[in-house]
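Below: one structure, written as C-alpha cells.
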Amino acid sequence: MSATLTEPRSAHLIARHAEGTLWLARYMERIENQARLLDVTNTFARDADDTRNWLTILRINGDLEAFYAKHTEANLASVGAFYVLDRDNTTSVQVGIQAARENARTLRALISTEMWLQINVFSSRIRALTATDLLPDHFAATCGMLKEGTQAHTGITEGTFYRDQAWHFYMMGRYLERADQTTRLLDTRFHALAPQTSAGDLEIDAGQWNALLRAAAGYHAYRREHPNGYNAVEVAGFLLANGAFPRSVGLNLMQIEWHLNQLRTRYQLRGTRAPLERLDELNATMTHRNVADMMHGALSPFLDYVQQQIAALHGDIIEGFCR
C-alpha cells in the first residue's frame with residue numbers, strides 16, 4: 001500500500017498574519033546579526049583605534065545620529081548599551097525581541113507551541129540583561145547567549161513550524177533580512193580593507209578580512225572555497241553571488257523567488273507578479289562576473305542599489321499579500 005503526502009489546507013492566510021510572520025523572522029534574524037557584529041568587533045577591535053572599529057557597527061545600521069544624540073564616544077560600553085539595553089533605540093536587541101514576541105503572540109494559532117515557549121524564555125533573558133552583562137569580562141558570554149537563543153529559535157522553527165503559507169512568509173522574512181544585512185556589512189567594511197598598500201600590511205589585512213567574514217558567519221565556508229588567503233574580488237563574490245553560502249545575497253534572493261513561486265503555484269495566491277519581476281532583474285545582476293567588473297569604483301553604488309531593491313522587494317510583498 002503506497003503512502004501519499006497530504007497537502008496543507010489551501011485557505012488563504014489572513015493578510016496581517018502574513019505580515020506578522022515576515023516580521024517575526026526579520027526581527028529574530030536581526031538580533032542574531034547584531035550579536036554577531038558586537039562579538040566580532042569586541043574580539044578584533046582591541047587596538048589603539050578602538051573608536052573607529054566600534055563606529056563601524058553604527059554605520060552598518062545607519063545609527064550614527066541616533067547614537068550621538070545620547071553618547072559622546074563610541075566604545076564597547078556605549079555601543080554595547082545602545083544595541084543591547086536601549087529600549088528607545090529601534091535597532092536594539094531589546095526592541096527587536098519585544099517586536100518579535102508581539103508578532104509571535106498575534107500568530108499564536110499558527111506557530112508551534114515550542115516556538116512560542118522558546119521566544120518567551122528568550123525574551124525574559126534579554127529583558128533581564130543589565131550593564132553588568134556588558135562589562136568586558138561578560139560581554140562575549142552575553143553575545144553568545146543572544147546568538148544561541150536566536151539559533152535555538154531557528155532550529156525549533158525548522159523542526160516544528162507547519163509548512164503552510166505562513167511558513168513561506170516566515171522564510172521570505174528570514175532571507176530578506178539576511179540579504180539586507182550582508183549588503184550593509186559589505187558596503188561599510190569592504191573598501192577600507194580592499195587596498196593592500198605594502199607587504200607590511202598583509203597581517204593586519206588578514207585579521208580584518210577574517211573579522212569581516214566572521215561578522216557574516218562566513219569565515220569557514222570562505223576558507224573551504226579559498227584556502228590560500230584573501231582576495232578582494234573573491235570575498236565580494238563570495239558574499240554576493242555564492243550559491244551555497246547561507247548568507248550570500250544571491251542565494252537568499254533565489255530562496256525568496258522559490259517561496260514566491262510556491263505561493264503562486266501551490267496556493268494560487270495573487271500578488272507575486274511585482275516581487276517576481278523585481279527578483280528577475282536583481283538575480284540577473286548577482287553574478288561573480290558582474291561583481292568583478294564593479295570592483296574598480298562601482299561596487300558601493302551597486303550595493304546601494306541592491307539595498308534599495310531589497311527594501312522595495314519587501315514593500316512589493318507587503319503590498320501584494322498583506323494590504
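Labeling convention for the C-alpha cells: chains A, B, ... as they appear, residues from 1 per chain, ligands from 1 in order of appearance.
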Practice problem: Extract the full set of alpha helix (DSSP H) residues from region 101-241 of chain A according to DSSP on the backbone, and format it as a ChimeraX atom specification. | Solution: /A:101-106,113-127,136-160,165-193,202-215,219-225,232-241
So that each row is one residue of region 99-132 of chain A with an atom at most 12 Å from region 14-34 of chain A, can you give its shortest atom pair and the distance in Å to one decimal, using only C-alpha atoms, rows by chain and rising number, as a Markdown table?
```
| residue | atom | partner | partner_atom | distance |
| --- | --- | --- | --- | --- |
| A:Ala99 | CA | A:Tyr27 | CA | 7.2 |
| A:Ala100 | CA | A:Leu24 | CA | 4.9 |
| A:Arg101 | CA | A:Leu24 | CA | 7.7 |
| A:Glu102 | CA | A:Leu24 | CA | 8.6 |
| A:Asn103 | CA | A:Gly20 | CA | 5.4 |
| A:Ala104 | CA | A:Leu24 | CA | 6.6 |
| A:Arg105 | CA | A:Gly20 | CA | 9.6 |
| A:Thr106 | CA | A:Gly20 | CA | 7.6 |
| A:Leu107 | CA | A:His17 | CA | 6.4 |
| A:Arg108 | CA | A:His17 | CA | 10.0 |
| A:Ala109 | CA | A:His17 | CA | 10.0 |
| A:Leu110 | CA | A:His17 | CA | 8.6 |
| A:Ile111 | CA | A:Thr21 | CA | 9.0 |
| A:Met115 | CA | A:Leu24 | CA | 11.2 |
| A:Trp116 | CA | A:Leu24 | CA | 11.4 |
| A:Gln118 | CA | A:Met28 | CA | 11.9 |
| A:Ile119 | CA | A:Met28 | CA | 9.4 |
| A:Phe122 | CA | A:Met28 | CA | 10.7 |
| A:Ser123 | CA | A:Met28 | CA | 10.9 |
| A:Ile126 | CA | A:Ile31 | CA | 10.6 |
```
Just-selected residues, N, CA and C atoms written as a PDB file, in the first residue's frame:
```pdb
ATOM      1  N   ALA A  99       9.348  43.283  19.699  1.00  0.00           N
ATOM      2  CA  ALA A  99       8.559  43.236  18.473  1.00  0.00           C
ATOM      3  C   ALA A  99       8.358  41.801  17.998  1.00  0.00           C
ATOM      4  N   ALA A 100       9.405  40.978  18.112  1.00  0.00           N
ATOM      5  CA  ALA A 100       9.292  39.574  17.704  1.00  0.00           C
ATOM      6  C   ALA A 100       8.257  38.856  18.564  1.00  0.00           C
ATOM      7  N   ARG A 101       8.301  39.073  19.868  1.00  0.00           N
ATOM      8  CA  ARG A 101       7.350  38.400  20.759  1.00  0.00           C
ATOM      9  C   ARG A 101       5.923  38.860  20.496  1.00  0.00           C
ATOM     10  N   GLU A 102       5.744  40.145  20.213  1.00  0.00           N
ATOM     11  CA  GLU A 102       4.397  40.650  19.938  1.00  0.00           C
ATOM     12  C   GLU A 102       3.854  40.048  18.647  1.00  0.00           C
ATOM     13  N   ASN A 103       4.711  39.945  17.629  1.00  0.00           N
ATOM     14  CA  ASN A 103       4.274  39.282  16.404  1.00  0.00           C
ATOM     15  C   ASN A 103       3.949  37.823  16.654  1.00  0.00           C
ATOM     16  N   ALA A 104       4.782  37.160  17.453  1.00  0.00           N
ATOM     17  CA  ALA A 104       4.527  35.750  17.774  1.00  0.00           C
ATOM     18  C   ALA A 104       3.210  35.596  18.521  1.00  0.00           C
ATOM     19  N   ARG A 105       2.891  36.547  19.412  1.00  0.00           N
ATOM     20  CA  ARG A 105       1.635  36.478  20.160  1.00  0.00           C
ATOM     21  C   ARG A 105       0.437  36.545  19.217  1.00  0.00           C
ATOM     22  N   THR A 106       0.509  37.438  18.225  1.00  0.00           N
ATOM     23  CA  THR A 106      -0.611  37.542  17.285  1.00  0.00           C
ATOM     24  C   THR A 106      -0.702  36.322  16.373  1.00  0.00           C
ATOM     25  N   LEU A 107       0.392  35.567  16.283  1.00  0.00           N
ATOM     26  CA  LEU A 107       0.435  34.377  15.425  1.00  0.00           C
ATOM     27  C   LEU A 107       0.281  33.089  16.230  1.00  0.00           C
ATOM     28  N   ARG A 108      -0.183  33.212  17.476  1.00  0.00           N
ATOM     29  CA  ARG A 108      -0.187  32.059  18.385  1.00  0.00           C
ATOM     30  C   ARG A 108      -0.919  30.856  17.800  1.00  0.00           C
ATOM     31  N   ALA A 109      -1.947  31.086  16.997  1.00  0.00           N
ATOM     32  CA  ALA A 109      -2.696  29.964  16.416  1.00  0.00           C
ATOM     33  C   ALA A 109      -1.958  29.308  15.259  1.00  0.00           C
ATOM     34  N   LEU A 110      -0.896  29.953  14.758  1.00  0.00           N
ATOM     35  CA  LEU A 110      -0.194  29.437  13.585  1.00  0.00           C
ATOM     36  C   LEU A 110       1.171  28.851  13.907  1.00  0.00           C
ATOM     37  N   ILE A 111       1.899  29.462  14.829  1.00  0.00           N
ATOM     38  CA  ILE A 111       3.226  28.945  15.150  1.00  0.00           C
ATOM     39  C   ILE A 111       3.102  27.800  16.146  1.00  0.00           C
ATOM     40  N   MET A 115       7.847  26.951  19.496  1.00  0.00           N
ATOM     41  CA  MET A 115       8.325  28.277  19.083  1.00  0.00           C
ATOM     42  C   MET A 115       7.899  29.342  20.080  1.00  0.00           C
ATOM     43  N   TRP A 116       6.633  29.293  20.476  1.00  0.00           N
ATOM     44  CA  TRP A 116       6.096  30.294  21.391  1.00  0.00           C
ATOM     45  C   TRP A 116       6.798  30.237  22.747  1.00  0.00           C
ATOM     46  N   GLN A 118       9.818  29.050  23.484  1.00  0.00           N
ATOM     47  CA  GLN A 118      11.223  29.457  23.387  1.00  0.00           C
ATOM     48  C   GLN A 118      11.349  30.967  23.265  1.00  0.00           C
ATOM     49  N   ILE A 119      10.480  31.603  22.501  1.00  0.00           N
ATOM     50  CA  ILE A 119      10.522  33.060  22.360  1.00  0.00           C
ATOM     51  C   ILE A 119      10.249  33.733  23.695  1.00  0.00           C
ATOM     52  N   PHE A 122      13.403  33.260  25.906  1.00  0.00           N
ATOM     53  CA  PHE A 122      14.471  34.103  25.352  1.00  0.00           C
ATOM     54  C   PHE A 122      14.197  35.581  25.634  1.00  0.00           C
ATOM     55  N   SER A 123      12.951  35.992  25.470  1.00  0.00           N
ATOM     56  CA  SER A 123      12.572  37.374  25.750  1.00  0.00           C
ATOM     57  C   SER A 123      12.845  37.737  27.209  1.00  0.00           C
ATOM     58  N   ILE A 126      16.559  38.302  27.768  1.00  0.00           N
ATOM     59  CA  ILE A 126      17.033  39.576  27.214  1.00  0.00           C
ATOM     60  C   ILE A 126      16.586  40.739  28.079  1.00  0.00           C
TER      61      ILE A 126
END
```
Closest of A:Val306, A:Ala128, A:Ile318, A:Ala236 to Met294 (chain A), counting only C-alpha atoms, is A:Ala236
Students should find that CA of Gly297 (chain A) and CA of Leu240 (chain A) are spaced 16.4 Å
Spatial neighbours of region 152-162 of chain A, max dist 6 Å, only C-alpha atoms, sep filter under 3 positions, as a PyMOL selection string
chain A and resi 112+148-149
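Candidate residues A:Thr56, A:Thr90, A:Asn290, A:Gln262 were compared for distance to His168 (chain A), and the nearest is A:Gln262, using only C-alpha atoms.
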- Message: At a cut-off of 9 Å, using only C-alpha atoms, what residues contact Ala312 (chain A)? Leave out same-chain residues fewer than 5 positions from it and give the result as a PyMOL selection string.
- Response: chain A and resi 275+278+307+317
If you keep C-alpha atoms, can you produce a file of those selected residues as a PDB file, in the first residue's frame?
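Done, and the output landed in selection-v8.pdb:
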```pdb
ATOM      1  CA  PRO A 275       8.114  40.893  -6.491  1.00  0.00           C
ATOM      2  CA  ARG A 278      11.933  42.703  -9.336  1.00  0.00           C
ATOM      3  CA  GLN A 307      19.830  47.582  -0.681  1.00  0.00           C
ATOM      4  CA  ILE A 317       5.493  41.527  -0.867  1.00  0.00           C
TER       5      ILE A 317
END
```
Can you tell me which residues surround Met171 (chain A) at a distance of at most 8 Å, considering only C-alpha atoms, apart from same-chain residues fewer than 2 positions away, and format the answer as a ChimeraX atom specification? /A:22,25,167-169,173-175,256,259
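Using only C-alpha atoms for every distance, the candidate list A:Leu193, A:Ile97, A:Leu260, A:Leu253 yields A:Leu193 as the residue closest to Tyr230 (chain A).
Candidate residues A:Gln165, A:Ala77, A:Ser248, A:Arg127 were compared for distance to Gln268 (chain A), and the nearest is A:Gln165, using only C-alpha atoms.
Shortest separation to Thr150 (chain A) among A:Leu135, A:Gly237, A:Arg36, A:Thr91 occurs at residue A:Arg36, atoms counted being only C-alpha atoms.
Of note, CA of Leu146 (chain A) and CA of Leu64 (chain A) are spaced 23.2 Å apart.
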Exercise. Skipping near chain neighbours, those fewer than 4 positions away, what residues fall within 8 Å of Phe238 (chain A) using only C-alpha atoms, listed as a list in words?
Worked result: Tyr222, Glu234, Asn242, Phe245 and Ser248 of chain A
Written file, previous selection with N, CA and C atoms, as a short mmCIF file (atom, residue, chain, number, x, y, z; two decimals), in the first residue's frame:
```cif
data_model
loop_
_atom_site.label_atom_id
_atom_site.label_comp_id
_atom_site.auth_asym_id
_atom_site.auth_seq_id
_atom_site.Cartn_x
_atom_site.Cartn_y
_atom_site.Cartn_z
N TYR A 222 34.16 30.37 3.54
CA TYR A 222 35.04 31.03 2.58
C TYR A 222 36.36 30.30 2.46
N GLU A 234 37.33 37.89 -4.64
CA GLU A 234 36.78 36.61 -4.17
C GLU A 234 35.89 36.81 -2.96
N ASN A 242 27.72 33.77 -4.16
CA ASN A 242 27.92 32.35 -3.92
C ASN A 242 26.58 31.63 -3.78
N PHE A 245 26.60 29.51 0.15
CA PHE A 245 26.76 30.17 1.45
C PHE A 245 25.42 30.72 1.93
N SER A 248 24.76 34.54 1.59
CA SER A 248 25.08 35.30 0.37
C SER A 248 23.80 35.93 -0.17
#
```
**Q.** Test item: residues at most 10 Å from Ala66 (chain A), only C-alpha atoms, excluding those fewer than 4 positions along its chain, as a list in words
**A.** Leu58, Gly62, Lys70, His71, Phe82, Asp88, Asn89 and Thr90 of chain A
As a check of understanding: the span from CA of Gln208 (chain A) to CA of Leu76 (chain A) is 17.9 Å
